[in-house]
Structure formats: structure tokens, C-alpha cells
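Shown below: entry.cif, with mmCIF, C-alpha atoms.
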```cif
data_input
#
loop_
_atom_site.label_atom_id
_atom_site.label_comp_id
_atom_site.auth_asym_id
_atom_site.auth_seq_id
_atom_site.Cartn_x
_atom_site.Cartn_y
_atom_site.Cartn_z
CA MET A 694 -55.07 -117.22 -11.46
CA ALA A 695 -51.31 -117.67 -11.70
CA LEU A 696 -49.40 -116.58 -14.78
CA ALA A 697 -47.99 -119.08 -17.22
CA GLU A 698 -44.20 -119.14 -17.09
CA ARG A 699 -43.85 -117.72 -20.63
CA MET A 700 -46.24 -114.88 -19.83
CA GLU A 701 -44.45 -114.09 -16.58
CA ARG A 702 -41.10 -113.89 -18.42
CA ALA A 703 -42.60 -111.69 -21.13
CA LEU A 704 -44.18 -109.35 -18.57
CA ASN A 705 -40.88 -109.11 -16.72
CA ASP A 706 -39.20 -108.20 -19.99
CA GLN A 707 -41.83 -105.50 -20.46
CA ILE A 708 -41.12 -104.11 -16.99
CA THR A 709 -37.47 -103.81 -17.99
CA CYS A 710 -38.50 -102.21 -21.29
CA GLU A 711 -40.68 -99.62 -19.54
CA LEU A 712 -37.85 -98.75 -17.15
CA SER A 713 -35.48 -98.48 -20.09
CA ALA A 714 -37.91 -96.10 -21.80
CA SER A 715 -38.10 -94.06 -18.60
CA LEU A 716 -34.31 -93.70 -18.58
CA ALA A 717 -34.27 -92.82 -22.27
CA TYR A 718 -36.75 -90.00 -21.70
CA LEU A 719 -34.80 -88.84 -18.66
CA GLN A 720 -31.67 -88.67 -20.83
CA MET A 721 -33.62 -86.66 -23.42
CA ALA A 722 -34.78 -84.32 -20.66
CA ALA A 723 -31.15 -83.83 -19.59
CA TYR A 724 -30.20 -83.02 -23.19
CA PHE A 725 -32.89 -80.34 -23.36
CA GLU A 726 -31.89 -78.94 -19.96
CA ALA A 727 -28.29 -78.56 -21.16
CA ASP A 728 -29.57 -77.02 -24.42
CA GLU A 729 -31.57 -74.47 -22.37
CA ARG A 730 -34.95 -75.71 -23.55
CA PRO A 731 -36.81 -76.07 -20.24
CA GLY A 732 -40.23 -76.67 -21.80
CA MET A 733 -38.98 -79.62 -23.83
CA ALA A 734 -37.00 -80.84 -20.81
CA SER A 735 -40.11 -80.70 -18.66
CA TRP A 736 -42.13 -82.58 -21.29
CA MET A 737 -39.50 -85.32 -21.52
CA ALA A 738 -39.27 -85.55 -17.72
CA ALA A 739 -43.05 -86.07 -17.59
CA GLN A 740 -42.69 -88.80 -20.23
CA SER A 741 -40.02 -90.43 -18.07
CA GLU A 742 -42.36 -90.41 -15.07
CA GLU A 743 -45.15 -91.86 -17.17
CA GLU A 744 -42.96 -94.75 -18.34
CA ALA A 745 -41.85 -95.45 -14.76
CA GLY A 746 -45.54 -95.50 -13.82
CA HIS A 747 -46.18 -98.04 -16.55
CA ALA A 748 -43.40 -100.23 -15.14
CA ARG A 749 -45.08 -99.99 -11.74
CA MET A 750 -48.41 -101.05 -13.26
CA PHE A 751 -46.79 -104.11 -14.84
CA ILE A 752 -45.05 -104.93 -11.55
CA ASP A 753 -48.35 -104.71 -9.67
CA TYR A 754 -50.03 -106.88 -12.29
CA VAL A 755 -47.39 -109.61 -12.07
CA VAL A 756 -47.60 -109.59 -8.28
CA ASP A 757 -51.43 -109.65 -8.36
CA ARG A 758 -51.22 -112.74 -10.59
CA ASP A 759 -48.92 -114.48 -8.08
CA GLY A 760 -45.91 -114.02 -10.33
CA ARG A 761 -42.33 -113.22 -9.48
CA VAL A 762 -40.94 -109.88 -10.64
CA GLU A 763 -37.43 -109.98 -12.09
CA ILE A 764 -36.15 -106.71 -13.53
CA GLY A 765 -33.49 -107.27 -16.16
CA ALA A 766 -30.38 -105.33 -17.03
CA ILE A 767 -30.92 -101.95 -18.64
CA ASP A 768 -28.51 -100.59 -21.21
CA ALA A 769 -27.52 -96.94 -21.12
CA PRO A 770 -29.79 -94.85 -23.33
CA VAL A 771 -28.64 -92.85 -26.34
CA SER A 772 -27.12 -89.68 -24.92
CA LYS A 773 -25.90 -87.72 -27.93
CA PHE A 774 -28.40 -85.83 -30.03
CA ASP A 775 -27.88 -83.43 -32.93
CA SER A 776 -31.04 -81.37 -32.53
CA PRO A 777 -34.53 -81.26 -31.04
CA LEU A 778 -35.74 -83.06 -34.18
CA HIS A 779 -33.25 -85.89 -33.55
CA VAL A 780 -34.51 -86.22 -29.97
CA PHE A 781 -38.12 -86.53 -31.07
CA GLU A 782 -37.16 -89.00 -33.79
CA GLU A 783 -35.57 -91.15 -31.08
CA ALA A 784 -38.65 -90.71 -28.87
CA LEU A 785 -40.88 -91.90 -31.70
CA ARG A 786 -38.65 -94.94 -32.26
CA HIS A 787 -38.99 -95.76 -28.55
CA GLU A 788 -42.77 -95.48 -28.68
CA GLN A 789 -42.96 -97.66 -31.79
CA PHE A 790 -40.71 -100.25 -30.15
CA VAL A 791 -42.87 -100.31 -27.02
CA THR A 792 -46.01 -100.62 -29.13
CA GLY A 793 -44.55 -103.65 -30.90
CA ARG A 794 -43.66 -105.28 -27.59
CA ILE A 795 -47.12 -104.75 -26.13
CA ARG A 796 -48.71 -106.11 -29.30
CA ASN A 797 -46.53 -109.21 -28.88
CA LEU A 798 -47.64 -109.54 -25.26
CA TYR A 799 -51.26 -109.37 -26.38
CA ARG A 800 -50.61 -112.06 -28.99
CA LEU A 801 -48.91 -114.25 -26.38
CA ALA A 802 -51.79 -113.83 -23.94
CA THR A 803 -54.17 -114.84 -26.73
CA GLU A 804 -52.03 -117.85 -27.65
CA LEU A 805 -51.87 -118.98 -24.02
CA GLY A 806 -55.56 -118.40 -23.40
CA ASP A 807 -54.66 -115.88 -20.68
CA LEU A 808 -57.97 -114.03 -20.87
CA GLU A 809 -57.23 -112.06 -17.70
CA SER A 810 -54.24 -110.34 -19.31
CA LEU A 811 -56.09 -109.19 -22.41
CA PRO A 812 -58.00 -106.24 -20.87
CA PHE A 813 -54.89 -105.15 -18.98
CA LEU A 814 -52.84 -105.12 -22.17
CA GLN A 815 -55.64 -103.56 -24.22
CA GLY A 816 -55.37 -100.41 -22.13
CA PHE A 817 -51.70 -100.12 -23.03
CA LEU A 818 -52.40 -100.69 -26.72
CA VAL A 819 -54.92 -97.84 -26.73
CA GLU A 820 -52.45 -95.58 -24.94
CA GLN A 821 -49.66 -96.44 -27.37
CA VAL A 822 -51.78 -95.27 -30.31
CA GLU A 823 -52.13 -91.92 -28.53
CA GLU A 824 -48.45 -91.75 -27.59
CA GLU A 825 -47.21 -92.49 -31.10
CA ALA A 826 -49.59 -89.93 -32.60
CA LEU A 827 -48.51 -87.28 -30.07
CA VAL A 828 -44.77 -87.79 -30.50
CA SER A 829 -45.09 -88.13 -34.27
CA GLY A 830 -47.03 -84.87 -34.41
CA ILE A 831 -44.39 -83.00 -32.42
CA ARG A 832 -41.65 -84.49 -34.56
CA GLU A 833 -43.46 -83.45 -37.75
CA ARG A 834 -43.98 -79.90 -36.49
CA ILE A 835 -40.33 -79.53 -35.50
CA GLY A 836 -39.23 -81.03 -38.82
CA ARG A 837 -41.21 -78.44 -40.77
CA LEU A 838 -39.47 -75.62 -38.90
CA GLU A 839 -36.06 -76.40 -40.41
CA GLY A 840 -34.28 -74.91 -37.40
CA ASN A 841 -36.46 -71.78 -37.12
CA GLU A 842 -35.82 -70.70 -33.53
CA VAL A 843 -39.03 -68.67 -33.25
CA GLY A 844 -41.08 -71.71 -34.21
CA LEU A 845 -39.07 -73.90 -31.83
CA ALA A 846 -39.70 -71.37 -29.07
CA LEU A 847 -43.45 -71.65 -29.64
CA ILE A 848 -43.33 -75.44 -29.47
CA GLU A 849 -41.06 -75.13 -26.43
CA ALA A 850 -43.65 -73.00 -24.64
CA GLU A 851 -46.45 -75.38 -25.57
CA LEU A 852 -44.57 -78.45 -24.34
CA GLY A 853 -43.60 -76.67 -21.14
CA GLY A 854 -47.29 -76.34 -20.31
CA ARG A 855 -47.69 -80.10 -19.87
CA ALA A 856 -48.54 -81.15 -16.34
CA GLY A 857 -46.24 -83.70 -14.74
CA ALA A 858 -47.53 -87.13 -13.80
CA ASP A 859 -47.98 -86.06 -10.18
CA GLU A 860 -50.00 -83.00 -11.20
CA GLU A 861 -52.47 -84.75 -13.53
#
```

Give the structure from this file in C-alpha cells form.
Amino acid sequence: MALAERMERALNDQITCELSASLAYLQMAAYFEADERPGMASWMAAQSEEEAGHARMFIDYVVDRDGRVEIGAIDAPVSKFDSPLHVFEEALRHEQFVTGRIRNLYRLATELGDLESLPFLQGFLVEQVEEEALVSGIRERIGRLEGNEVGLALIEAELGGRAGADEE
């Protein structure tokens, strides 16, 4: 079943959004690399890969529904951060933004009677709950440390243990 024009446009916008999120996480990874925090850099790089994978899933979905993929322009991500806490605050804002967009896609699919899109989008909604909780938790833990380098080192080690997307 072919996609309605409005749904196709909205899905294409989501592809662009997912690629933008991937670049934002890659920029955050670069910040942590320069700040000599390889565990946090590795975690952000894995997030970047995950977002690029989401873009690929949306691309495949549009193609499977006989749609035309059109990736939009992507603005440069925020590149200046004050601290690890600031980075994770930005990461949480990104996740909340993506959640809102996917919720809007779900609403649009419902409005258009696009029943085929609902299960596809439901999977992303479930994942976004997990992503927001994860990033929020890290942000809260870092915030409680008030710059304590020993505590940051422990979180650094924990985050460095995350497997990359190709290792999962």
C-alpha cells in the first residue's frame, strides 16, 4: 500500500531528523574525545550509529511502501559544550525532540488511517521511552557529582563498556 503524500513528507522529515541526531551525537563524541573521556566518546559514537540505523529503517520503510526518499538539509549540530553535564543535557533535549516528532508521526498515521505505519512507529515510541530514561539517568548522575572527577571517572568507565551498534 502506497503512502499518502503527507505521510511520505513527514517520514522524509523524520529521516532527516534521525540523521541530524546522528551528527549531533557524533559531535558530542568528538567533544569527549578532545576532553580525553574515551568512555563517554565511545558511548556517544554508539548513539550516533544507532540514530543512523534509525534513519536507515525509516528509509527502508518509505521504499517498502513505494514512497520516494528525500533527505533534507541538515544544520550543523551544537559544537561547544561547557561540561559533560551540558553534553548530556543536550542529548536529553535531542531525545525529547525526537520523541515528540515520532508521537506526531503516530498521530498523523492515525489521522490518515495509515494502519500499516502504526506498528512500525510504535516500536520507535517504545524505544524513545527507554532512550529518554537512559540519557536522563546519566544526566542526573553527572549532575549530582558537581564536577567530582572520581565520580565522573566511574561513569566514564561504565559508559565505555557499552557495545557499539555493530557489536550488539

Have a look at atom CA of A:Met750 and atom CA of A:Ser772 and let me know their distance in Å, one decimal.
26.8 Å

Picked residues, the PyMOL selection byres ((chain A and resi 718-734) around 8), as a count of residues only:
24

Which of these residues is nearest to A:Glu839, using all atoms listed in the file: A:Ser713, A:Gln707, A:Thr803, A:Ser776?
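So, comparing all the options, the nearest one is A:Ser776.
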
Between atom CA of A:Glu824 and atom CA of A:Leu785, what distance in Å does the model show, to one decimal?
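A separation of 8.6 Å between them.
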
To verify the selection step, state as a PyMOL selection string which residues the PyMOL selection byres ((chain A and resi 704) around 12) yields on this input.
chain A and resi 696-703+705-711+747-756+758+760-765+794-795+797-799+801-802+810+813-814

Interatomic distance (Å, one decimal) between atom CA of A:Phe817 and atom CA of A:Asp768
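A separation of 23.3 Å between them.
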
Apply the PyMOL selection byres ((chain A and resi 827) around 12) to the structure shown and report the selected residues as number ranges by chain.
A: 736, 740, 781, 784-785, 788-789, 820-826, 828-834, 852

Please give the centre and size of the box around stretch 776-786 of chain A (axis-aligned, containing every atom listed in the file, 8 Å added per side), with values in Å to one decimal and written as lines of an AutoDock Vina configuration file.
```
center_x = -36.0
center_y = -88.1
center_z = -31.5
size_x = 25.8
size_y = 29.7
size_z = 21.3
```
